[in-house]
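Novice: Once you've had a glance at the structure underneath, I'll fire off some questions.
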Amino acid sequence: MIGVHPAWLPASAFRAIGSRRTRVLGEGPVVATVRGEVEAAAAEHGGALVDDGPADLELVCAPDDGETDPEAFVVGRAGTTTVVRAIDGPGLLYGFHHVVRQGESAFTGEAPPQRHAPRQPVRMLDHWDNVDVHPVMGQVERGYAGGSIFYADGAVRADLSRARAYARLLGSIGVNRVGLNNVNVHRTEARLLTDLLPEVVRLAEVFRPHGIRVHLSVSFAAPITLGGLPTADPLDPDVRDWWARTTARVYAAIPDFGGYVVKADSEGQPGPFAYGRDHADGANVLARALSPFDGTVFWRAFVYDHHQDWRDRSTDRARAAYDHFAPLDGAFDPNVVLQVKAGPMDFQVREPLSPVIAAMPRTRLAVESQVTQEYTGQQKHVCHLVPQWREMLGFRPWGDDGPTVADIAAGRADGPAGGVVAVSNVGDDPFWTGHPLAQANLFGFGRLAWDDRVAPEVVLDEWIGLTFGGTTAVREALHEVMGGSWLTYERYTAPLGVGFMVNPGDHYGPSVDGYEYSRWGTYHFADRDGVGVDRTRATGTGFTGQFPQPWREVYESVETCPDELLLFFHHVPYGHVLHSGTTVIQHIYDTHFAGRDEVARMVEAWAKVEGHVPAGVYERVAGLLAEQLRCATEWRDQVNTYFWRKSGVPDAHARTIH
C-alpha cells in the first residue's frame with residue numbers, strides 16, 4: 001500500500017537546513033510552525049535548533065523592523081550566518097521556505113540582504129468540494145484525485161491529518177487564502193455558514209498556523225433557505241440584517257475568517273436577477289456585512305446564457321462576462337473582488353484573455369485559473385500549465401508599453417488590488433493530485449502567484465529538485481516530459497483556439513461535434529468550406545470590440561490575428577494560409593500527428609528514470625502515460641478524420657487518416 005506522498009516537501013528537501021545549527025526568534029502561531037519545521041529537519045539530518053551560541057541560520061521575526069508588509073522577508077548572508085528577517089509569522093515562513101528551495105547555495109559565500117515580497121496580495125485556492133457526495137459531480141466537482149481531504153460521510157473529517165499536511169504544502173508556496181467548499185452550493189454545504197460552523201472552525205485551525213485565511217462559498221438564496229425569509233432581495237432591509245447577523249456570528253467563531261465566495265445567476269445558481277437587481281447590488285449586500293471585520297466578497301464573473309439556441313449565431317458566450325459586468329465598473333464596494341476567469345470561455349487549453357480584465361479600472365479584480373485539469377487532460381495527461389499561466393499573467397492588454405494582467409490584478413496599474421485565484425486539484429489520492437506529475441501545477445500556481453516574473457522552466461526545476469532531488473538524469477527526463485506538455489496537449493486536441501471538441505458529459509476525450517448543437521454556446525461551426533467562429537465587429541458577434549487597442553484591431557483581421565487564436569475569432573476556409581506558411585487543414589493534420597508522436601516520446605523519456613524514482617511514482621506515471629498515448633491517438637484519429645471528411649482535402653504527406 002502506498003503511503004501519502006510528501007509532494008515537494010520530503011525530508012530530503014530540508015537537508016541543507018536540518019544538518020546545521022538554526023536559531024528561531026519570535027512568537028505567534030506561524031513562527032511556531034517555522035520552529036517546528038526546523039526541529040523536525042534537525043532531528044532528521046543531525047543539526048540542532050539552538051537558543052544561543054553560534055548559528056548557521058537565523059530566522060528572526062521582529063515586528064519593529066520598519067517593514068510594512070507582514071508577508072515580506074529579507075534574506076542575506078554575512079560571514080558564516082544566513083539571516084532571514086520578517087515582521088510577522090507569514091513572512092518568516094515564506095523566508096524559511098525560500099532557504100529550503102535554495103538548498104546548499106543558501107549557505108555558500110556572501111549575499112547582501114535582499115527583500116522579497118509577494119507581487120499579489122491575494123493568492124487563493126478554491127476547492128470545489130461537497131460535504132455530501134453529489135449524485136452527478138461526486139464529492140469533488142471537477143476533481144480528478146479522489147475524494148475530499150476535508151469532508152467524509154456528510155461531515156468534516158474526524159481526522160484532519162491530510163488537511164494539515166495540505167496546509168503545510170500551501171504555506172510553503174505562499175498561498176494565503178483557501179475556499180473550503182464548492183461554488184455550486186448544495187443543501188448541506190450551505191449549512192457550513194450556520195449550524196455546521198463549528199466544523200469550519202476546525203478547518204480554520206488547521207490553516208491558521210500556515211498563514212492561510214479560510215473562505216466559504218455561500219448561496220445567494222441563503223436568507224431564504226437558511227434564514228426562513230420570504231426573499232433574498234439584496235435591497236430588502238431584512239435580508240441585509242440577516243447577512244449582517246449571520247456574518248457577525250461567523251467572525252465571533254473565526255476572527256480571521258477571510259470572507260465569502262459567490263457564484264450567482266450562473267448555471268442555475270440563484271442571484272440578484274430574480275429581484276430585478278444587478279450584480280453590484282448582490283455583491284454589496286454581502287460586502288457590507290463583511291466590512292466591519294475586514295472580510296472580502298469574491299464575486300465570480302462566470303455569468304452567461306447556458307440555455308443558448310445553437311441556431312442563433314448572434315449570441316456569443318465569449319461576450320457574456322463583459323456585457324454583464326463592464327457597465328458596473330465603480331459600482332462595487334471596496335471589499336468586493338470580481339473574480340474573472342482568465343479566458344472568456346471556460347479554462348480551455350487556448351483562449352484570448354478575458355476583455356473584462358482591462359475594462360474595469362475602478363473595480364478590484366482577481367484573475368481565476370484552473371489547476372485542476374478539467375479541459376486539459378483531467379490529471380490523466382501530463383499538461384504542465386505553468387507556461388500557460390505565465391503567458392496569461394504577462395499579457396499586456398494595451399500593448400507593449402502598458403501594464404500586464406498581473407499588474408492589473410495586483411493594483412500596479414491604475415486600479416485597486418485584487419489578486420489571483422485558482423481551482424485546486426487535490427484529493428485524497430495518495431499522490432494528492434492523482435497524477436504525481438500534476439503536483440507541479442499546484443506548486444507552480446503558488447510560485448507564479450508570488451512572483452509572476454519567474455520563468456516556467458525555473459519553477460519546474462525547483463519542483464523537480466525538491467520532489468526528486470538533484471539527479472541529472474531525472475531532471476533531464478522530467479524537463480523533456482513536462483516542459484512542453486501544454487503545447488503538446490494543444491496539438492493533439494482542439495486546434496487554433498477553437499476550443500472544446502470534448503465529450504459533453506465528463507469533458508474527457510474527443511467528441512468533435514459533442515457540443516455543436518448544445519445549449520452551452522461552445523461551437524466551432526465547421527462545414528464543408530471552413531471552420532471557426534466569426535467574432536469580428538464587421539460580420540460577426542462583435543466580440544473583438546470588447547478589447548482595447550491594439551488588440552481589437554489585431555483580432556479583427558485575419559491578416560493580423562495570431563495563428564493560435566485564428567479559429568476563436570474567425571471562420572476561415574480550410575485553404576487559408578497561416579502565418580506559419582501552412583494551410584489551416586494541413587495545420588490540423590500536422591499538429592495532430594505531431595502531438596500524438598510527442599506523447600510517444602514522453603513515454604520513452606519516462607522509461608529512462610525507472611530505478612531513479614520511487615517505484616510507486618514510476619508505476620503510476622507509466623500507467624497514466626500509457627493512457628495519455630491511447631487518448632492522444634484517439635484525438636488524432638477522430639479530429640483528422642472529421643476534418644478530412646468535412647473538407648475533402650487529403651493530407652499532403654499521405655499519412656493514414658481513417
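Just remember, in the C-alpha cells the first chain shown is A, the second B, etc., residues are 1-based per chain, and ligands are 1-based in the order shown.
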Please list as a list of chain:residue names every residue within 8 Å of Gln549 in chain A, counting only C-alpha atoms and excluding residues in the same chain fewer than 6 positions away.
Specialist: A:Pro397, A:Trp398, A:Gly399
Novice: Per residue of range 47-132 of chain A within 12 Å of range 334-347 of chain A, note the shortest atom pair and the distance in Å to one decimal, counting only C-alpha atoms, and order the rows by chain and increasing residue number, as JSON lines.
Specialist:
```
{"residue": "A:Pro121", "atom": "CA", "partner": "A:Val337", "partner_atom": "CA", "distance": 12.0}
{"residue": "A:Val122", "atom": "CA", "partner": "A:Val337", "partner_atom": "CA", "distance": 10.2}
{"residue": "A:Met124", "atom": "CA", "partner": "A:Gln339", "partner_atom": "CA", "distance": 11.0}
{"residue": "A:Asp126", "atom": "CA", "partner": "A:Gln339", "partner_atom": "CA", "distance": 11.3}
```
Novice: Which residues are near Asp563 in chain A? Cut-off 8 Å, only C-alpha atoms, ignore same chain within fewer than 4 positions. Put them as a list in words.
Specialist: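 Those residues are Leu496, Leu578, His579 and Ser580 of chain A.
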Novice: Please give the complete set of residues from range 21-218 of chain A that DSSP, run on the backbone, assigns to helix (DSSP H, G or I), formatted as number ranges by chain.
Specialist: A: 29-45, 89-107, 161-172, 187-193, 197-210
Novice: Need to verify the contact set: range 171-180 of chain A, 7 Å, only C-alpha atoms, exclusion of same-chain residues closer than 2 positions in sequence. Can you return it as an mmCIF file with all heavy atoms, in the first residue's frame?
Specialist:
```cif
data_model
loop_
_atom_site.group_PDB
_atom_site.id
_atom_site.type_symbol
_atom_site.label_atom_id
_atom_site.label_comp_id
_atom_site.auth_asym_id
_atom_site.auth_seq_id
_atom_site.Cartn_x
_atom_site.Cartn_y
_atom_site.Cartn_z
ATOM 1 N N TYR A 94 7.603 32.213 4.766
ATOM 2 C CA TYR A 94 7.973 32.277 3.356
ATOM 3 C C TYR A 94 9.486 32.391 3.204
ATOM 4 O O TYR A 94 10.069 31.819 2.276
ATOM 5 C CB TYR A 94 7.274 33.445 2.673
ATOM 6 C CG TYR A 94 5.767 33.429 2.797
ATOM 7 C CD1 TYR A 94 5.029 34.611 2.866
ATOM 8 C CD2 TYR A 94 5.051 32.227 2.864
ATOM 9 C CE1 TYR A 94 3.654 34.603 2.977
ATOM 10 C CE2 TYR A 94 3.674 32.211 2.983
ATOM 11 C CZ TYR A 94 2.982 33.406 3.046
ATOM 12 O OH TYR A 94 1.613 33.391 3.165
ATOM 13 N N HIS A 97 11.039 28.916 3.673
ATOM 14 C CA HIS A 97 10.924 28.038 2.509
ATOM 15 C C HIS A 97 11.746 28.551 1.325
ATOM 16 O O HIS A 97 12.147 27.751 0.462
ATOM 17 C CB HIS A 97 9.456 27.831 2.146
ATOM 18 C CG HIS A 97 8.774 26.850 3.049
ATOM 19 N ND1 HIS A 97 9.002 25.496 2.980
ATOM 20 C CD2 HIS A 97 7.897 27.041 4.072
ATOM 21 C CE1 HIS A 97 8.288 24.877 3.898
ATOM 22 N NE2 HIS A 97 7.608 25.789 4.579
ATOM 23 N N VAL A 122 -3.487 38.733 -2.815
ATOM 24 C CA VAL A 122 -4.338 37.566 -2.598
ATOM 25 C C VAL A 122 -3.848 36.452 -3.502
ATOM 26 O O VAL A 122 -3.742 36.623 -4.724
ATOM 27 C CB VAL A 122 -5.815 37.879 -2.889
ATOM 28 C CG1 VAL A 122 -6.646 36.593 -2.921
ATOM 29 C CG2 VAL A 122 -6.376 38.849 -1.863
ATOM 30 N N ARG A 123 -3.554 35.310 -2.890
ATOM 31 C CA ARG A 123 -3.092 34.127 -3.626
ATOM 32 C C ARG A 123 -3.942 32.967 -3.105
ATOM 33 O O ARG A 123 -3.637 32.361 -2.089
ATOM 34 C CB ARG A 123 -1.595 33.910 -3.384
ATOM 35 C CG ARG A 123 -0.797 35.185 -3.725
ATOM 36 C CD ARG A 123 0.668 35.109 -3.344
ATOM 37 N NE ARG A 123 0.919 34.843 -1.936
ATOM 38 C CZ ARG A 123 0.835 35.740 -0.953
ATOM 39 N NH1 ARG A 123 0.486 36.998 -1.214
ATOM 40 N NH2 ARG A 123 1.092 35.404 0.295
ATOM 41 N N MET A 124 -5.012 32.683 -3.823
ATOM 42 C CA MET A 124 -6.104 31.897 -3.257
ATOM 43 C C MET A 124 -6.367 30.633 -4.071
ATOM 44 O O MET A 124 -6.290 30.636 -5.296
ATOM 45 C CB MET A 124 -7.374 32.755 -3.217
ATOM 46 C CG MET A 124 -8.584 32.101 -2.588
ATOM 47 S SD MET A 124 -9.899 33.341 -2.418
ATOM 48 C CE MET A 124 -11.198 32.352 -1.681
ATOM 49 N N LEU A 125 -6.703 29.563 -3.367
ATOM 50 C CA LEU A 125 -7.154 28.331 -3.998
ATOM 51 C C LEU A 125 -8.597 28.059 -3.595
ATOM 52 O O LEU A 125 -8.924 28.042 -2.401
ATOM 53 C CB LEU A 125 -6.267 27.162 -3.584
ATOM 54 C CG LEU A 125 -4.924 27.071 -4.307
ATOM 55 C CD1 LEU A 125 -4.008 26.099 -3.588
ATOM 56 C CD2 LEU A 125 -5.104 26.646 -5.760
ATOM 57 N N ASP A 126 -9.443 27.854 -4.587
ATOM 58 C CA ASP A 126 -10.831 27.475 -4.340
ATOM 59 C C ASP A 126 -10.963 25.967 -4.467
ATOM 60 O O ASP A 126 -10.460 25.354 -5.419
ATOM 61 C CB ASP A 126 -11.756 28.129 -5.363
ATOM 62 C CG ASP A 126 -11.991 29.597 -5.077
ATOM 63 O OD1 ASP A 126 -11.611 30.064 -3.990
ATOM 64 O OD2 ASP A 126 -12.544 30.291 -5.952
ATOM 65 N N HIS A 127 -11.661 25.364 -3.505
ATOM 66 C CA HIS A 127 -11.944 23.930 -3.548
ATOM 67 C C HIS A 127 -13.401 23.733 -3.925
ATOM 68 O O HIS A 127 -14.288 24.301 -3.289
ATOM 69 C CB HIS A 127 -11.662 23.295 -2.187
ATOM 70 C CG HIS A 127 -10.207 23.134 -1.918
ATOM 71 N ND1 HIS A 127 -9.555 21.939 -2.053
ATOM 72 C CD2 HIS A 127 -9.274 24.030 -1.562
ATOM 73 C CE1 HIS A 127 -8.275 22.101 -1.781
ATOM 74 N NE2 HIS A 127 -8.077 23.370 -1.478
ATOM 75 N N ALA A 167 -2.186 21.996 4.252
ATOM 76 C CA ALA A 167 -1.932 23.375 4.667
ATOM 77 C C ALA A 167 -0.442 23.665 4.694
ATOM 78 O O ALA A 167 0.011 24.757 4.312
ATOM 79 C CB ALA A 167 -2.553 23.630 6.040
ATOM 80 N N ARG A 168 0.336 22.684 5.117
ATOM 81 C CA ARG A 168 1.789 22.842 5.131
ATOM 82 C C ARG A 168 2.332 23.025 3.711
ATOM 83 O O ARG A 168 3.191 23.876 3.459
ATOM 84 C CB ARG A 168 2.414 21.618 5.796
ATOM 85 C CG ARG A 168 3.925 21.610 5.838
ATOM 86 C CD ARG A 168 4.430 20.417 6.649
ATOM 87 N NE ARG A 168 5.868 20.332 6.643
ATOM 88 C CZ ARG A 168 6.574 19.404 5.986
ATOM 89 N NH1 ARG A 168 5.931 18.469 5.278
ATOM 90 N NH2 ARG A 168 7.889 19.401 6.031
ATOM 91 N N LEU A 169 1.820 22.223 2.767
ATOM 92 C CA LEU A 169 2.247 22.369 1.373
ATOM 93 C C LEU A 169 1.914 23.761 0.844
ATOM 94 O O LEU A 169 2.746 24.411 0.186
ATOM 95 C CB LEU A 169 1.572 21.308 0.504
ATOM 96 C CG LEU A 169 2.029 19.858 0.677
ATOM 97 C CD1 LEU A 169 1.115 18.919 -0.104
ATOM 98 C CD2 LEU A 169 3.469 19.683 0.241
ATOM 99 N N HIS A 210 -0.308 28.250 9.156
ATOM 100 C CA HIS A 210 0.460 28.393 7.921
ATOM 101 C C HIS A 210 0.142 29.714 7.215
ATOM 102 O O HIS A 210 0.448 29.873 6.027
ATOM 103 C CB HIS A 210 0.193 27.199 7.009
ATOM 104 C CG HIS A 210 0.567 25.898 7.653
ATOM 105 N ND1 HIS A 210 1.839 25.375 7.601
ATOM 106 C CD2 HIS A 210 -0.166 25.038 8.411
ATOM 107 C CE1 HIS A 210 1.878 24.252 8.282
ATOM 108 N NE2 HIS A 210 0.680 24.016 8.792
ATOM 109 N N GLY A 211 -0.466 30.645 7.958
ATOM 110 C CA GLY A 211 -0.729 31.979 7.417
ATOM 111 C C GLY A 211 -1.856 32.034 6.415
ATOM 112 O O GLY A 211 -1.888 32.932 5.568
ATOM 113 N N ILE A 212 -2.806 31.094 6.484
ATOM 114 C CA ILE A 212 -3.862 30.971 5.480
ATOM 115 C C ILE A 212 -5.219 31.262 6.106
ATOM 116 O O ILE A 212 -5.587 30.662 7.123
ATOM 117 C CB ILE A 212 -3.857 29.559 4.865
ATOM 118 C CG1 ILE A 212 -2.498 29.279 4.197
ATOM 119 C CG2 ILE A 212 -4.987 29.400 3.860
ATOM 120 C CD1 ILE A 212 -2.302 27.833 3.811
ATOM 121 N N ARG A 213 -5.954 32.198 5.501
ATOM 122 C CA ARG A 213 -7.315 32.514 5.924
ATOM 123 C C ARG A 213 -8.298 31.676 5.122
ATOM 124 O O ARG A 213 -8.105 31.456 3.919
ATOM 125 C CB ARG A 213 -7.614 34.002 5.731
ATOM 126 C CG ARG A 213 -6.717 34.914 6.539
ATOM 127 C CD ARG A 213 -6.936 36.382 6.192
ATOM 128 N NE ARG A 213 -8.216 36.881 6.678
ATOM 129 C CZ ARG A 213 -8.623 38.145 6.542
ATOM 130 N NH1 ARG A 213 -7.858 39.034 5.914
ATOM 131 N NH2 ARG A 213 -9.792 38.533 7.014
ATOM 132 N N VAL A 214 -9.375 31.225 5.753
ATOM 133 C CA VAL A 214 -10.364 30.394 5.077
ATOM 134 C C VAL A 214 -11.562 31.236 4.643
ATOM 135 O O VAL A 214 -11.909 32.238 5.268
ATOM 136 C CB VAL A 214 -10.827 29.220 5.956
ATOM 137 C CG1 VAL A 214 -9.648 28.325 6.311
ATOM 138 C CG2 VAL A 214 -11.545 29.708 7.209
ATOM 139 N N HIS A 215 -12.187 30.793 3.556
ATOM 140 C CA HIS A 215 -13.387 31.416 2.991
ATOM 141 C C HIS A 215 -14.454 30.347 2.798
ATOM 142 O O HIS A 215 -14.137 29.163 2.630
ATOM 143 C CB HIS A 215 -13.083 32.051 1.635
ATOM 144 C CG HIS A 215 -12.180 33.236 1.698
ATOM 145 N ND1 HIS A 215 -12.584 34.500 1.356
ATOM 146 C CD2 HIS A 215 -10.880 33.351 2.062
ATOM 147 C CE1 HIS A 215 -11.574 35.348 1.495
ATOM 148 N NE2 HIS A 215 -10.529 34.674 1.915
ATOM 149 N N LEU A 216 -15.694 30.770 2.755
ATOM 150 C CA LEU A 216 -16.805 29.877 2.450
ATOM 151 C C LEU A 216 -17.507 30.345 1.182
ATOM 152 O O LEU A 216 -17.760 31.547 1.003
ATOM 153 C CB LEU A 216 -17.827 29.860 3.586
ATOM 154 C CG LEU A 216 -17.481 29.068 4.839
ATOM 155 C CD1 LEU A 216 -18.593 29.241 5.868
ATOM 156 C CD2 LEU A 216 -17.278 27.591 4.518
ATOM 157 N N SER A 217 -17.834 29.382 0.307
ATOM 158 C CA SER A 217 -18.781 29.666 -0.766
ATOM 159 C C SER A 217 -20.178 29.651 -0.161
ATOM 160 O O SER A 217 -20.525 28.733 0.592
ATOM 161 C CB SER A 217 -18.684 28.612 -1.866
ATOM 162 O OG SER A 217 -17.443 28.670 -2.514
ATOM 163 N N PHE A 443 2.171 23.368 -7.240
ATOM 164 C CA PHE A 443 3.377 24.087 -6.830
ATOM 165 C C PHE A 443 3.581 25.330 -7.697
ATOM 166 O O PHE A 443 3.846 26.426 -7.186
ATOM 167 C CB PHE A 443 4.579 23.148 -6.959
ATOM 168 C CG PHE A 443 5.906 23.775 -6.630
ATOM 169 C CD1 PHE A 443 6.375 23.795 -5.325
ATOM 170 C CD2 PHE A 443 6.702 24.333 -7.623
ATOM 171 C CE1 PHE A 443 7.605 24.376 -5.013
ATOM 172 C CE2 PHE A 443 7.929 24.907 -7.329
ATOM 173 C CZ PHE A 443 8.384 24.926 -6.021
ATOM 174 N N GLY A 446 1.345 28.439 -6.949
ATOM 175 C CA GLY A 446 1.809 29.214 -5.806
ATOM 176 C C GLY A 446 3.020 30.065 -6.129
ATOM 177 O O GLY A 446 3.112 31.225 -5.738
ATOM 178 N N ARG A 447 3.972 29.502 -6.875
ATOM 179 C CA ARG A 447 5.195 30.240 -7.187
ATOM 180 C C ARG A 447 4.920 31.418 -8.120
ATOM 181 O O ARG A 447 5.480 32.507 -7.940
ATOM 182 C CB ARG A 447 6.223 29.295 -7.804
ATOM 183 C CG ARG A 447 6.690 28.202 -6.862
ATOM 184 C CD ARG A 447 7.502 28.769 -5.689
ATOM 185 N NE ARG A 447 8.783 29.269 -6.152
ATOM 186 C CZ ARG A 447 9.214 30.516 -5.967
ATOM 187 N NH1 ARG A 447 8.464 31.410 -5.343
ATOM 188 N NH2 ARG A 447 10.395 30.884 -6.408
ATOM 189 N N TRP A 450 3.129 34.210 -6.299
ATOM 190 C CA TRP A 450 4.078 35.001 -5.516
ATOM 191 C C TRP A 450 4.863 35.943 -6.417
ATOM 192 O O TRP A 450 5.045 37.116 -6.104
ATOM 193 C CB TRP A 450 5.020 34.065 -4.762
ATOM 194 C CG TRP A 450 6.074 34.784 -3.971
ATOM 195 C CD1 TRP A 450 7.277 35.246 -4.418
ATOM 196 C CD2 TRP A 450 5.988 35.182 -2.599
ATOM 197 N NE1 TRP A 450 7.957 35.891 -3.415
ATOM 198 C CE2 TRP A 450 7.189 35.859 -2.285
ATOM 199 C CE3 TRP A 450 5.026 35.010 -1.606
ATOM 200 C CZ2 TRP A 450 7.440 36.371 -1.007
ATOM 201 C CZ3 TRP A 450 5.287 35.518 -0.341
ATOM 202 C CH2 TRP A 450 6.473 36.193 -0.051
#
```
Novice: Which residues, written as number ranges by chain, have at least one atom at most 10 Å from His587 in chain A, with only C-alpha atoms counted and residues fewer than 4 positions away on the same chain left out?
Specialist: A: 491, 495-496, 574, 577-578, 580-583, 591-593, 651
Novice: Hey, what's within 10 Å of Glu634 in chain A if we count only C-alpha atoms and toss same-chain stuff fewer than 3 positions away? As a PDB file with N, CA and C atoms, in the first residue's frame, please?
Specialist:
```
ATOM      1  N   TYR A 492      -2.644  17.946 -30.003  1.00  0.00           N
ATOM      2  CA  TYR A 492      -3.471  16.781 -30.332  1.00  0.00           C
ATOM      3  C   TYR A 492      -4.935  16.954 -29.956  1.00  0.00           C
ATOM      4  N   THR A 493      -5.331  18.145 -29.492  1.00  0.00           N
ATOM      5  CA  THR A 493      -6.752  18.356 -29.164  1.00  0.00           C
ATOM      6  C   THR A 493      -7.343  19.414 -30.109  1.00  0.00           C
ATOM      7  N   GLY A 509     -11.640  13.368 -23.435  1.00  0.00           N
ATOM      8  CA  GLY A 509     -11.562  12.655 -24.694  1.00  0.00           C
ATOM      9  C   GLY A 509     -12.305  13.374 -25.804  1.00  0.00           C
ATOM     10  N   PRO A 510     -12.029  12.986 -27.065  1.00  0.00           N
ATOM     11  CA  PRO A 510     -12.548  13.731 -28.209  1.00  0.00           C
ATOM     12  C   PRO A 510     -14.015  13.440 -28.513  1.00  0.00           C
ATOM     13  N   SER A 511     -14.724  14.481 -28.876  1.00  0.00           N
ATOM     14  CA  SER A 511     -16.059  14.393 -29.465  1.00  0.00           C
ATOM     15  C   SER A 511     -16.232  15.690 -30.239  1.00  0.00           C
ATOM     16  N   ARG A 596       0.530  13.553 -31.054  1.00  0.00           N
ATOM     17  CA  ARG A 596       0.490  12.149 -30.639  1.00  0.00           C
ATOM     18  C   ARG A 596       1.906  11.578 -30.573  1.00  0.00           C
ATOM     19  N   GLN A 628      -2.487   8.340 -21.668  1.00  0.00           N
ATOM     20  CA  GLN A 628      -2.358   9.574 -22.448  1.00  0.00           C
ATOM     21  C   GLN A 628      -2.050   9.256 -23.908  1.00  0.00           C
ATOM     22  N   LEU A 629      -1.190   8.278 -24.142  1.00  0.00           N
ATOM     23  CA  LEU A 629      -0.865   7.900 -25.515  1.00  0.00           C
ATOM     24  C   LEU A 629      -2.090   7.324 -26.220  1.00  0.00           C
ATOM     25  N   ARG A 630      -2.842   6.490 -25.515  1.00  0.00           N
ATOM     26  CA  ARG A 630      -4.073   5.957 -26.109  1.00  0.00           C
ATOM     27  C   ARG A 630      -5.038   7.068 -26.476  1.00  0.00           C
ATOM     28  N   CYS A 631      -5.220   8.016 -25.530  1.00  0.00           N
ATOM     29  CA  CYS A 631      -6.187   9.093 -25.744  1.00  0.00           C
ATOM     30  C   CYS A 631      -5.703  10.054 -26.832  1.00  0.00           C
ATOM     31  N   ASP A 637      -6.892  10.652 -34.433  1.00  0.00           N
ATOM     32  CA  ASP A 637      -7.660   9.975 -35.469  1.00  0.00           C
ATOM     33  C   ASP A 637      -9.049  10.577 -35.642  1.00  0.00           C
ATOM     34  N   GLN A 638      -9.710  10.917 -34.540  1.00  0.00           N
ATOM     35  CA  GLN A 638     -11.061  11.474 -34.676  1.00  0.00           C
ATOM     36  C   GLN A 638     -11.046  12.869 -35.294  1.00  0.00           C
ATOM     37  N   VAL A 639     -10.132  13.733 -34.828  1.00  0.00           N
ATOM     38  CA  VAL A 639     -10.100  15.096 -35.360  1.00  0.00           C
ATOM     39  C   VAL A 639      -9.674  15.093 -36.821  1.00  0.00           C
ATOM     40  N   ASN A 640      -8.620  14.359 -37.154  1.00  0.00           N
ATOM     41  CA  ASN A 640      -8.165  14.340 -38.540  1.00  0.00           C
ATOM     42  C   ASN A 640      -9.214  13.738 -39.474  1.00  0.00           C
TER      43      ASN A 640
END
```
Novice: For each of A:Pro272, A:Pro70, A:Pro29, A:Gly499, take the minimum atom-to-atom distance to Glu205 in chain A, counting only C-alpha atoms, then give the residue where this is smallest.
Specialist: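 Answer, going by the shortest atom-to-atom distance: A:Pro29.
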Novice: Which of these residues is nearest to Leu565 in chain A, using only C-alpha atoms: A:Gly411, A:Pro255, A:Pro550, A:Pro352?
Specialist: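 Closest to Leu565 in chain A of all the choices is A:Pro352.
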Novice: Quick one: distance from CA of Glu189 in chain A to CA of Val218 in chain A in Å, one decimal?
Specialist: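 Interatomic distance, CA of Glu189 in chain A to CA of Val218 in chain A: 8.2 Å.
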Novice: I'd like to know which of A:Val75, A:Val649, A:Ala16, A:Leu197 is closest to Ala253 in chain A, using only C-alpha atoms.
Specialist: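 Ranking A:Val75, A:Val649, A:Ala16, A:Leu197 by distance to Ala253 in chain A, first place goes to A:Leu197.
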Novice: Considering only C-alpha atoms, give me a table of residues in range 485-519 of chain A that are at most 12 Å from range 597-604 of chain A, with the closest atom pair and distance in Å for each, as JSON lines.
Specialist:
```
{"residue": "A:Ser485", "atom": "CA", "partner": "A:Val599", "partner_atom": "CA", "distance": 8.4}
{"residue": "A:Trp486", "atom": "CA", "partner": "A:Val599", "partner_atom": "CA", "distance": 11.3}
{"residue": "A:Leu487", "atom": "CA", "partner": "A:Glu598", "partner_atom": "CA", "distance": 10.1}
{"residue": "A:Thr488", "atom": "CA", "partner": "A:Glu598", "partner_atom": "CA", "distance": 6.7}
{"residue": "A:Tyr489", "atom": "CA", "partner": "A:Val599", "partner_atom": "CA", "distance": 8.7}
{"residue": "A:Glu490", "atom": "CA", "partner": "A:Glu598", "partner_atom": "CA", "distance": 11.5}
{"residue": "A:Arg491", "atom": "CA", "partner": "A:Glu598", "partner_atom": "CA", "distance": 9.4}
{"residue": "A:Tyr492", "atom": "CA", "partner": "A:Asp597", "partner_atom": "CA", "distance": 9.4}
```
Novice: Kindly export the residues of the current selection with C-alpha atoms, as a PDB file, in the first residue's frame.
Specialist:
```
ATOM      1  CA  SER A 485       3.472  19.324 -22.453  1.00  0.00           C
ATOM      2  CA  TRP A 486       0.950  22.191 -22.554  1.00  0.00           C
ATOM      3  CA  LEU A 487       1.696  22.788 -26.231  1.00  0.00           C
ATOM      4  CA  THR A 488       1.730  19.041 -26.877  1.00  0.00           C
ATOM      5  CA  TYR A 489      -1.756  18.769 -25.391  1.00  0.00           C
ATOM      6  CA  GLU A 490      -2.887  21.678 -27.557  1.00  0.00           C
ATOM      7  CA  ARG A 491      -1.504  19.998 -30.688  1.00  0.00           C
ATOM      8  CA  TYR A 492      -3.471  16.781 -30.332  1.00  0.00           C
TER       9      TYR A 492
END
```
Novice: With only C-alpha atoms as the basis for distance, which of A:Asn441, A:Gln269, A:Thr108, A:Asn182 is at the shortest distance from Tyr151 in chain A?
Specialist: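 The shortest atom-to-atom distance to Tyr151 in chain A comes from A:Asn182.
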